[in-house]
$ cat data30.pdb   # PDB, C-alpha atoms, pLDDT in the B column
MODEL        1
ATOM      1  CA  MET A   7       3.438  28.592  -9.967  1.00 91.00           C
ATOM      2  CA  LYS A   8       5.259  25.632  -8.463  1.00 95.00           C
ATOM      3  CA  LYS A   9       5.860  25.307  -4.747  1.00 96.00           C
ATOM      4  CA  VAL A  10       8.577  23.300  -3.019  1.00 97.00           C
ATOM      5  CA  VAL A  11       7.166  20.577  -0.776  1.00 97.00           C
ATOM      6  CA  SER A  12       9.316  18.802   1.811  1.00 98.00           C
ATOM      7  CA  PHE A  13       8.404  15.414   3.232  1.00 98.00           C
ATOM      8  CA  THR A  14       9.957  12.148   4.291  1.00 98.00           C
ATOM      9  CA  VAL A  15       9.298   9.262   1.936  1.00 98.00           C
ATOM     10  CA  ASN A  16      10.508   5.768   2.782  1.00 97.00           C
ATOM     11  CA  GLY A  17      12.802   7.226   5.438  1.00 97.00           C
ATOM     12  CA  GLU A  18      14.449   9.717   3.084  1.00 97.00           C
ATOM     13  CA  GLU A  19      13.997  13.498   3.267  1.00 97.00           C
ATOM     14  CA  ARG A  20      12.740  14.771  -0.105  1.00 97.00           C
ATOM     15  CA  GLU A  21      12.020  18.164  -1.609  1.00 97.00           C
ATOM     16  CA  ILE A  22      10.067  18.433  -4.827  1.00 96.00           C
ATOM     17  CA  ALA A  23       8.621  21.362  -6.734  1.00 96.00           C
ATOM     18  CA  VAL A  24       4.980  20.833  -7.649  1.00 97.00           C
ATOM     19  CA  ALA A  25       2.112  22.762  -9.191  1.00 97.00           C
ATOM     20  CA  PRO A  26      -0.788  23.571  -6.834  1.00 96.00           C
ATOM     21  CA  ASN A  27      -3.066  21.013  -8.512  1.00 97.00           C
ATOM     22  CA  ARG A  28      -0.506  18.170  -8.583  1.00 97.00           C
ATOM     23  CA  SER A  29      -1.677  15.019  -6.800  1.00 98.00           C
ATOM     24  CA  LEU A  30       0.595  13.239  -4.369  1.00 98.00           C
ATOM     25  CA  LEU A  31       0.300  10.187  -6.633  1.00 98.00           C
ATOM     26  CA  ASP A  32       1.645  12.029  -9.660  1.00 98.00           C
ATOM     27  CA  ALA A  33       4.356  13.751  -7.607  1.00 98.00           C
ATOM     28  CA  LEU A  34       5.520  10.425  -6.158  1.00 98.00           C
ATOM     29  CA  ARG A  35       5.549   8.726  -9.566  1.00 98.00           C
ATOM     30  CA  THR A  36       7.007  11.565 -11.622  1.00 97.00           C
ATOM     31  CA  GLU A  37       8.979  13.975  -9.453  1.00 96.00           C
ATOM     32  CA  ALA A  38      10.114  11.397  -6.869  1.00 96.00           C
ATOM     33  CA  GLY A  39      10.508   8.513  -9.359  1.00 97.00           C
ATOM     34  CA  LEU A  40       8.595   6.031  -7.168  1.00 97.00           C
ATOM     35  CA  THR A  41       6.511   4.167  -9.722  1.00 97.00           C
ATOM     36  CA  GLY A  42       5.457   1.263  -7.489  1.00 97.00           C
ATOM     37  CA  THR A  43       2.382   3.229  -6.459  1.00 97.00           C
ATOM     38  CA  LYS A  44      -0.089   2.626  -9.274  1.00 97.00           C
ATOM     39  CA  LYS A  45      -2.434   5.035 -11.015  1.00 97.00           C
ATOM     40  CA  GLY A  46      -5.711   3.221 -11.520  1.00 95.00           C
ATOM     41  CA  CYS A  47      -8.940   5.185 -11.548  1.00 95.00           C
ATOM     42  CA  ASP A  48      -7.442   8.527 -10.402  1.00 95.00           C
ATOM     43  CA  VAL A  49     -10.684   9.337  -8.523  1.00 96.00           C
ATOM     44  CA  GLY A  50     -10.240   7.408  -5.250  1.00 96.00           C
ATOM     45  CA  GLU A  51     -12.366   4.407  -6.186  1.00 96.00           C
ATOM     46  CA  CYS A  52      -9.865   1.558  -6.716  1.00 97.00           C
ATOM     47  CA  GLY A  53      -7.164   1.901  -4.026  1.00 97.00           C
ATOM     48  CA  SER A  54      -4.260   1.123  -6.384  1.00 97.00           C
ATOM     49  CA  CYS A  55      -2.565   4.350  -5.299  1.00 98.00           C
ATOM     50  CA  THR A  56      -2.711   3.648  -1.546  1.00 98.00           C
ATOM     51  CA  VAL A  57       0.278   4.881   0.450  1.00 98.00           C
ATOM     52  CA  ILE A  58       0.736   5.340   4.182  1.00 98.00           C
ATOM     53  CA  MET A  59       0.849   8.991   5.183  1.00 98.00           C
ATOM     54  CA  ASN A  60       1.492   9.827   8.822  1.00 98.00           C
ATOM     55  CA  GLY A  61       0.566   6.274   9.792  1.00 97.00           C
ATOM     56  CA  LYS A  62      -2.737   6.121   7.905  1.00 98.00           C
ATOM     57  CA  PRO A  63      -3.549   4.639   4.498  1.00 98.00           C
ATOM     58  CA  VAL A  64      -4.595   7.274   1.960  1.00 98.00           C
ATOM     59  CA  ASN A  65      -5.525   7.296  -1.693  1.00 98.00           C
ATOM     60  CA  SER A  66      -2.645   9.378  -2.996  1.00 98.00           C
ATOM     61  CA  CYS A  67      -4.671  10.381  -6.057  1.00 98.00           C
ATOM     62  CA  LEU A  68      -6.984  12.350  -3.745  1.00 98.00           C
ATOM     63  CA  VAL A  69      -4.236  14.127  -1.777  1.00 98.00           C
ATOM     64  CA  LEU A  70      -2.636  17.223  -3.228  1.00 98.00           C
ATOM     65  CA  ALA A  71       1.144  16.994  -3.122  1.00 98.00           C
ATOM     66  CA  GLN A  72       1.250  20.301  -1.245  1.00 97.00           C
ATOM     67  CA  GLU A  73      -0.871  18.728   1.527  1.00 98.00           C
ATOM     68  CA  ALA A  74       2.017  16.334   2.171  1.00 98.00           C
ATOM     69  CA  GLN A  75       4.233  19.156   3.453  1.00 98.00           C
ATOM     70  CA  GLY A  76       6.083  17.807   6.500  1.00 98.00           C
ATOM     71  CA  ALA A  77       4.426  14.386   6.224  1.00 98.00           C
ATOM     72  CA  THR A  78       5.974  10.972   6.642  1.00 98.00           C
ATOM     73  CA  ILE A  79       5.040   8.763   3.700  1.00 98.00           C
ATOM     74  CA  THR A  80       5.659   5.099   3.010  1.00 98.00           C
ATOM     75  CA  THR A  81       5.194   3.720  -0.483  1.00 98.00           C
ATOM     76  CA  ILE A  82       5.462   0.117  -1.626  1.00 98.00           C
ATOM     77  CA  GLU A  83       9.168   0.725  -2.312  1.00 97.00           C
ATOM     78  CA  GLY A  84       9.661   1.395   1.404  1.00 97.00           C
ATOM     79  CA  VAL A  85       7.995  -1.801   2.642  1.00 96.00           C
ATOM     80  CA  GLN A  86      10.766  -4.281   1.849  1.00 93.00           C
ATOM     81  CA  CYS A  87      12.892  -4.980   4.933  1.00 85.00           C
ATOM     82  CA  SER A  88      16.216  -4.897   3.067  1.00 87.00           C
ATOM     83  CA  ALA A  89      17.611  -5.503  -0.398  1.00 88.00           C
ATOM     84  CA  ASP A  90      17.778  -9.212   0.406  1.00 92.00           C
ATOM     85  CA  GLU A  91      14.662  -9.632   2.549  1.00 92.00           C
ATOM     86  CA  LEU A  92      11.008  -9.115   1.698  1.00 94.00           C
ATOM     87  CA  HIS A  93       8.504  -7.817   4.214  1.00 94.00           C
ATOM     88  CA  PRO A  94       6.404 -10.697   5.627  1.00 94.00           C
ATOM     89  CA  LEU A  95       3.359  -9.333   3.771  1.00 95.00           C
ATOM     90  CA  GLN A  96       5.214  -9.531   0.477  1.00 95.00           C
ATOM     91  CA  GLU A  97       6.478 -13.005   1.294  1.00 94.00           C
ATOM     92  CA  ASN A  98       2.991 -14.220   2.201  1.00 95.00           C
ATOM     93  CA  PHE A  99       1.423 -12.653  -0.883  1.00 95.00           C
ATOM     94  CA  MET A 100       3.816 -14.797  -2.923  1.00 94.00           C
ATOM     95  CA  ARG A 101       3.350 -17.891  -0.754  1.00 94.00           C
ATOM     96  CA  CYS A 102      -0.457 -17.669  -0.893  1.00 93.00           C
ATOM     97  CA  GLY A 103      -0.691 -16.732  -4.580  1.00 93.00           C
ATOM     98  CA  ALA A 104      -2.412 -13.479  -3.631  1.00 93.00           C
ATOM     99  CA  ALA A 105      -1.126 -11.504  -6.625  1.00 91.00           C
ATOM    100  CA  GLN A 106      -2.354 -12.240 -10.109  1.00 87.00           C
ATOM    101  CA  CYS A 107      -1.751  -9.362 -12.522  1.00 90.00           C
ATOM    102  CA  GLY A 108      -0.209  -7.412  -9.623  1.00 89.00           C
ATOM    103  CA  PHE A 109      -1.668  -4.005 -10.448  1.00 93.00           C
ATOM    104  CA  CYS A 110      -3.677  -3.732  -7.217  1.00 95.00           C
ATOM    105  CA  THR A 111      -1.058  -5.473  -5.087  1.00 96.00           C
ATOM    106  CA  PRO A 112       0.975  -2.420  -3.989  1.00 97.00           C
ATOM    107  CA  GLY A 113      -2.156  -0.634  -2.770  1.00 98.00           C
ATOM    108  CA  ILE A 114      -3.505  -3.696  -0.978  1.00 98.00           C
ATOM    109  CA  ILE A 115      -0.159  -4.355   0.698  1.00 98.00           C
ATOM    110  CA  MET A 116      -0.041  -0.735   1.878  1.00 98.00           C
ATOM    111  CA  ALA A 117      -3.589  -0.929   3.285  1.00 98.00           C
ATOM    112  CA  ALA A 118      -2.723  -4.239   4.973  1.00 98.00           C
ATOM    113  CA  LYS A 119       0.536  -2.875   6.376  1.00 98.00           C
ATOM    114  CA  ALA A 120      -1.285   0.116   7.859  1.00 98.00           C
ATOM    115  CA  LEU A 121      -3.766  -2.282   9.468  1.00 98.00           C
ATOM    116  CA  LEU A 122      -1.068  -4.565  10.884  1.00 97.00           C
ATOM    117  CA  ASP A 123       0.972  -1.599  12.144  1.00 97.00           C
ATOM    118  CA  GLU A 124      -2.081  -0.489  14.141  1.00 96.00           C
ATOM    119  CA  ASN A 125      -3.537  -3.921  14.949  1.00 96.00           C
ATOM    120  CA  PRO A 126      -1.050  -6.811  14.743  1.00 94.00           C
ATOM    121  CA  SER A 127      -3.769  -9.438  15.331  1.00 93.00           C
ATOM    122  CA  PRO A 128      -6.807  -8.475  13.251  1.00 95.00           C
ATOM    123  CA  THR A 129      -9.784 -10.707  12.693  1.00 93.00           C
ATOM    124  CA  VAL A 130     -10.740 -11.749   9.172  1.00 93.00           C
ATOM    125  CA  ASP A 131     -13.574  -9.204   9.295  1.00 95.00           C
ATOM    126  CA  GLU A 132     -11.124  -6.446  10.292  1.00 96.00           C
ATOM    127  CA  ILE A 133      -8.877  -7.446   7.380  1.00 96.00           C
ATOM    128  CA  ARG A 134     -11.827  -7.334   4.986  1.00 96.00           C
ATOM    129  CA  PHE A 135     -12.793  -3.891   6.272  1.00 97.00           C
ATOM    130  CA  ALA A 136      -9.214  -2.569   6.000  1.00 97.00           C
ATOM    131  CA  ILE A 137      -8.882  -3.562   2.336  1.00 97.00           C
ATOM    132  CA  ALA A 138     -12.471  -2.737   1.348  1.00 96.00           C
ATOM    133  CA  GLY A 139     -11.293   0.342  -0.574  1.00 96.00           C
ATOM    134  CA  ASN A 140      -8.960  -1.716  -2.745  1.00 96.00           C
ATOM    135  CA  ILE A 141     -10.391  -3.331  -5.849  1.00 95.00           C
ATOM    136  CA  CYS A 142      -8.802  -6.461  -7.279  1.00 93.00           C
ATOM    137  CA  ARG A 143     -10.133  -7.453 -10.665  1.00 89.00           C
ATOM    138  CA  CYS A 144      -8.369 -10.835 -10.799  1.00 88.00           C
ATOM    139  CA  THR A 145      -8.918 -12.691  -7.530  1.00 76.00           C
ATOM    140  CA  GLY A 146     -11.822 -13.447  -5.259  1.00 77.00           C
ATOM    141  CA  TYR A 147      -9.906 -11.869  -2.334  1.00 92.00           C
ATOM    142  CA  THR A 148      -9.610 -15.216  -0.511  1.00 93.00           C
ATOM    143  CA  LYS A 149      -5.882 -15.553  -1.166  1.00 94.00           C
ATOM    144  CA  ILE A 150      -5.308 -11.883  -0.346  1.00 96.00           C
ATOM    145  CA  ILE A 151      -7.079 -12.232   3.002  1.00 95.00           C
ATOM    146  CA  ASP A 152      -5.192 -15.461   3.645  1.00 94.00           C
ATOM    147  CA  ALA A 153      -1.847 -13.737   3.012  1.00 95.00           C
ATOM    148  CA  ILE A 154      -2.678 -10.886   5.379  1.00 96.00           C
ATOM    149  CA  SER A 155      -4.028 -13.247   8.022  1.00 95.00           C
ATOM    150  CA  ARG A 156      -0.965 -15.484   7.724  1.00 94.00           C
ATOM    151  CA  THR A 157       1.266 -12.433   8.238  1.00 95.00           C
ATOM    152  CA  ALA A 158      -0.686 -11.576  11.375  1.00 93.00           C
ATOM    153  CA  GLY A 159      -0.415 -15.152  12.589  1.00 85.00           C
ATOM    154  CA  GLY A 160      -4.181 -15.374  12.696  1.00 63.00           C
ATOM    155  CA  PRO A 161      -6.728 -17.843  11.388  1.00 55.00           C
ATOM    156  CA  ARG A 162      -6.594 -18.564   7.685  1.00 53.00           C
ATOM    157  CA  LEU A 163      -9.431 -19.306   5.333  1.00 53.00           C
ATOM    158  CA  ALA A 164      -9.756 -22.846   4.026  1.00 45.00           C
ATOM    159  CA  ALA A 165      -7.783 -22.164   0.826  1.00 45.00           C
ATOM    160  CA  ALA A 166      -4.640 -21.304   2.775  1.00 41.00           C
ATOM    161  CA  GLU A 167      -4.767 -24.338   5.011  1.00 45.00           C
ATOM    162  CA  GLU A 168      -3.296 -26.423   2.188  1.00 47.00           C
ATOM    163  CA  LEU A 169      -0.229 -24.190   1.861  1.00 46.00           C
ATOM    164  CA  GLN A 170       3.117 -25.211   3.221  1.00 44.00           C
ATOM    165  CA  PRO A 171       4.373 -23.083   6.161  1.00 45.00           C
TER     166      PRO A 171
ENDMDL
END

$ encode --input "data30.pdb" --output "structure tokens"
Amino acid sequence: MKKVVSFTVNGEEREIAVAPNRSLLDALRTEAGLTGTKKGCDVGECGSCTVIMNGKPVNSCLVLAQEAQGATITTIEGVQCSADELHPLQENFMRCGAAQCGFCTPGIIMAAKALLDENPSPTVDEIRFAIAGNICRCTGYTKIIDAISRTAGGPRLAAAEELQP
């Protein structure tokens, strides 16, 4: 039997009817039509499905949709500043070449955004720790860490030093 769940996603009040075993990931992608959050492993190992729920990054494949009752959720679709302006993380991911195939990118950006919302000036080690649950199969993480560090205004790894401001 489906249950109606109410939450705020990307600043918009939403109500969706979901089965008791429906994951937040599947509810966001199917019932809410927000397909930017990716379904990778579906067992909490890869981080592709990371969203911010009540200020904390979560693997949405491990959260039941019904557990999101009353929650405030931000997905990758809610990160962009406006229709004409990217979030600085998105801009720096492009500038640093941090996205290759792009499948992991939404989850990594969400984990990074949660970190920067809580700690605007993280160290490189804090950045590494914050994205440790996100697997990228294409890059060596250097450009990803550079993009996050650049957004924070912190030190960049050697690869990013060559980039234009």

$ closest_residue --input "data30.pdb" --among "A:Glu19, A:Phe135, A:Ser66, A:Ile82" --to "Asp48 (chain A)" --atoms "only C-alpha atoms"
A:Ser66

$ closest_atom_pairs --input "data30.pdb" --of "region 50-117 of chain A" --to "region 123-132 of chain A" --cutoff "12 Å" --atoms "all atoms listed in the file" --output "CSV"
residue,atom,partner,partner_atom,distance
A:Ile58,CA,A:Asp123,CA,10.6
A:Asn60,CA,A:Asp123,CA,11.9
A:Gly61,CA,A:Asp123,CA,8.2
A:Lys62,CA,A:Glu124,CA,9.1
A:Pro63,CA,A:Asp123,CA,10.9
A:Val85,CA,A:Asp123,CA,11.8
A:Leu95,CA,A:Asp123,CA,11.6
A:Ile115,CA,A:Asp123,CA,11.8
A:Met116,CA,A:Asp123,CA,10.4
A:Ala117,CA,A:Asp123,CA,10.0

$ residues_around --input "data30.pdb" --residues "Thr157 (chain A)" --least-positions-apart "2" --cutoff "9 Å" --atoms "all atoms listed in the file" --output "list in words"
Pro94, Leu95, Glu97, Asn98, Leu122, Pro126, Asp152, Ala153, Ile154, Ser155, Gly159 and Gly160 of chain A

$ resolve_selection --input "data30.pdb" --expression "the PyMOL selection byres ((chain A and resi 35) around 12)" --output "PyMOL selection string"
chain A and resi 22+28-34+36-45+55+57+66-67+71+81-83

$ closest_residue --input "data30.pdb" --among "A:Ile114, A:Met59, A:Val69, A:Val49" --to "Asn140 (chain A)" --atoms "all atoms listed in the file"
A:Ile114

$ axis_aligned_box --input "data30.pdb" --around "region 94-105 of chain A" --padding-each-side "4 Å" --output "JSON"
{"center_x": 2.0, "center_y": -13.6, "center_z": -0.5, "size_x": 16.9, "size_y": 16.6, "size_z": 20.3}

$ closest_residue --input "data30.pdb" --among "A:Ala136, A:Ala25, A:Ala105, A:Ile151" --to "Thr56 (chain A)" --atoms "all atoms listed in the file"
A:Ala136

$ atom_distance --input "data30.pdb" --atom1 "CA of Gly103 (chain A)" --atom2 "CA of Ile150 (chain A)"
7.9 Å

$ closest_residue --input "data30.pdb" --among "A:Ile133, A:Leu70, A:Ile141, A:Ala23" --to "Ala120 (chain A)" --atoms "only C-alpha atoms"
A:Ile133

$ atom_distance --input "data30.pdb" --atom1 "CA of Ser12 (chain A)" --atom2 "CA of Ile79 (chain A)"
11.1 Å

$ resolve_selection --input "data30.pdb" --expression "the PyMOL selection byres ((chain A and resi 13) around 7)" --output "PDB file with C-alpha atoms, in the frame of the given file"
ATOM      1  CA  VAL A  11       7.166  20.577  -0.776  1.00 97.00           C
ATOM      2  CA  SER A  12       9.316  18.802   1.811  1.00 98.00           C
ATOM      3  CA  THR A  14       9.957  12.148   4.291  1.00 98.00           C
ATOM      4  CA  VAL A  15       9.298   9.262   1.936  1.00 98.00           C
ATOM      5  CA  GLU A  19      13.997  13.498   3.267  1.00 97.00           C
ATOM      6  CA  ARG A  20      12.740  14.771  -0.105  1.00 97.00           C
ATOM      7  CA  GLU A  21      12.020  18.164  -1.609  1.00 97.00           C
ATOM      8  CA  ALA A  74       2.017  16.334   2.171  1.00 98.00           C
ATOM      9  CA  GLN A  75       4.233  19.156   3.453  1.00 98.00           C
ATOM     10  CA  GLY A  76       6.083  17.807   6.500  1.00 98.00           C
ATOM     11  CA  ALA A  77       4.426  14.386   6.224  1.00 98.00           C
ATOM     12  CA  THR A  78       5.974  10.972   6.642  1.00 98.00           C
TER      13      THR A  78
END

$ closest_residue --input "data30.pdb" --among "A:Cys142, A:Pro112, A:Lys149, A:Cys87" --to "Asn65 (chain A)" --atoms "all atoms listed in the file"
A:Pro112

$ closest_residue --input "data30.pdb" --among "A:Cys144, A:Ala138, A:Ser54, A:Asn27" --to "Gly113 (chain A)" --atoms "only C-alpha atoms"
A:Ser54

$ atom_distance --input "data30.pdb" --atom1 "CA of Cys110 (chain A)" --atom2 "CA of Ala158 (chain A)"
20.4 Å

$ resolve_selection --input "data30.pdb" --expression "the PyMOL selection byres ((chain A and resi 16) around 6)" --output "count of residues only"
5

$ decode --input "data30.pdb" --residues "region 25-64 of chain A" --atoms "N, CA and C atoms" --output "compact mmCIF listing (two decimals), in the first residue's frame"
# COMPACT_ATOMS: atom_id res chain seq x y z
N ALA A 25 5.55 3.27 -2.36
CA ALA A 25 5.44 1.99 -1.67
C ALA A 25 6.40 1.99 -0.48
N PRO A 26 6.11 1.17 0.54
CA PRO A 26 6.96 1.17 1.74
C PRO A 26 8.43 0.83 1.48
N ASN A 27 8.71 0.07 0.43
CA ASN A 27 10.09 -0.35 0.15
C ASN A 27 10.76 0.53 -0.90
N ARG A 28 10.15 1.62 -1.30
CA ARG A 28 10.70 2.50 -2.34
C ARG A 28 11.84 3.33 -1.78
N SER A 29 12.98 3.30 -2.45
CA SER A 29 14.13 4.11 -2.00
C SER A 29 13.89 5.57 -2.36
N LEU A 30 14.54 6.44 -1.61
CA LEU A 30 14.48 7.87 -1.92
C LEU A 30 15.03 8.11 -3.32
N LEU A 31 16.09 7.40 -3.68
CA LEU A 31 16.67 7.53 -5.02
C LEU A 31 15.62 7.27 -6.09
N ASP A 32 14.95 6.14 -6.01
CA ASP A 32 13.95 5.80 -7.03
C ASP A 32 12.77 6.77 -7.01
N ALA A 33 12.36 7.22 -5.82
CA ALA A 33 11.27 8.18 -5.73
C ALA A 33 11.66 9.51 -6.36
N LEU A 34 12.89 9.96 -6.11
CA LEU A 34 13.34 11.22 -6.70
C LEU A 34 13.41 11.11 -8.23
N ARG A 35 13.95 10.00 -8.71
CA ARG A 35 14.11 9.84 -10.16
C ARG A 35 12.77 9.61 -10.86
N THR A 36 11.93 8.78 -10.29
CA THR A 36 10.70 8.38 -10.98
C THR A 36 9.51 9.26 -10.62
N GLU A 37 9.15 9.29 -9.36
CA GLU A 37 7.96 10.05 -8.96
C GLU A 37 8.19 11.56 -9.03
N ALA A 38 9.39 12.03 -8.67
CA ALA A 38 9.65 13.47 -8.68
C ALA A 38 10.27 13.94 -10.01
N GLY A 39 10.71 13.02 -10.86
CA GLY A 39 11.26 13.38 -12.16
C GLY A 39 12.61 14.06 -12.12
N LEU A 40 13.36 13.85 -11.04
CA LEU A 40 14.69 14.47 -10.88
C LEU A 40 15.76 13.43 -11.19
N THR A 41 16.13 13.34 -12.44
CA THR A 41 17.02 12.26 -12.89
C THR A 41 18.51 12.61 -12.81
N GLY A 42 18.85 13.77 -12.29
CA GLY A 42 20.25 14.13 -12.13
C GLY A 42 20.96 13.26 -11.11
N THR A 43 20.24 12.81 -10.11
CA THR A 43 20.79 11.89 -9.11
C THR A 43 20.90 10.53 -9.78
N LYS A 44 22.10 9.97 -9.80
CA LYS A 44 22.34 8.75 -10.56
C LYS A 44 22.21 7.48 -9.72
N LYS A 45 21.76 6.43 -10.39
CA LYS A 45 21.66 5.11 -9.77
C LYS A 45 22.85 4.30 -10.24
N GLY A 46 23.79 4.10 -9.33
CA GLY A 46 25.00 3.35 -9.68
C GLY A 46 24.89 1.93 -9.16
N CYS A 47 25.42 1.70 -7.98
CA CYS A 47 25.47 0.36 -7.41
C CYS A 47 24.16 -0.06 -6.74
N ASP A 48 23.41 0.91 -6.24
CA ASP A 48 22.14 0.69 -5.53
C ASP A 48 22.32 -0.03 -4.20
N VAL A 49 23.55 -0.04 -3.66
CA VAL A 49 23.80 -0.66 -2.35
C VAL A 49 24.66 0.24 -1.46
N GLY A 50 24.80 1.51 -1.79
CA GLY A 50 25.52 2.46 -0.94
C GLY A 50 27.02 2.42 -1.05
N GLU A 51 27.55 1.82 -2.10
CA GLU A 51 29.00 1.69 -2.24
C GLU A 51 29.65 2.77 -3.09
N CYS A 52 28.92 3.36 -4.07
CA CYS A 52 29.58 4.21 -5.06
C CYS A 52 29.37 5.71 -4.85
N GLY A 53 28.31 6.13 -4.18
CA GLY A 53 28.07 7.54 -3.93
C GLY A 53 27.43 8.31 -5.08
N SER A 54 27.13 7.66 -6.19
CA SER A 54 26.52 8.35 -7.33
C SER A 54 25.16 8.95 -6.99
N CYS A 55 24.50 8.40 -6.00
CA CYS A 55 23.15 8.83 -5.63
C CYS A 55 23.13 9.85 -4.49
N THR A 56 24.28 10.42 -4.15
CA THR A 56 24.36 11.34 -3.01
C THR A 56 23.47 12.56 -3.22
N VAL A 57 22.67 12.84 -2.20
CA VAL A 57 21.87 14.07 -2.11
C VAL A 57 22.12 14.65 -0.73
N ILE A 58 21.70 15.88 -0.53
CA ILE A 58 21.81 16.49 0.80
C ILE A 58 20.43 16.45 1.42
N MET A 59 20.34 15.80 2.57
CA MET A 59 19.07 15.68 3.29
C MET A 59 19.26 16.27 4.68
N ASN A 60 18.49 17.31 4.96
CA ASN A 60 18.59 18.01 6.23
C ASN A 60 20.03 18.43 6.53
N GLY A 61 20.71 18.91 5.50
CA GLY A 61 22.06 19.45 5.65
C GLY A 61 23.19 18.45 5.60
N LYS A 62 22.88 17.17 5.48
CA LYS A 62 23.92 16.14 5.48
C LYS A 62 23.88 15.32 4.20
N PRO A 63 25.05 14.95 3.67
CA PRO A 63 25.04 14.10 2.47
C PRO A 63 24.59 12.69 2.83
N VAL A 64 23.72 12.12 2.01
CA VAL A 64 23.26 10.75 2.22
C VAL A 64 23.24 10.01 0.89
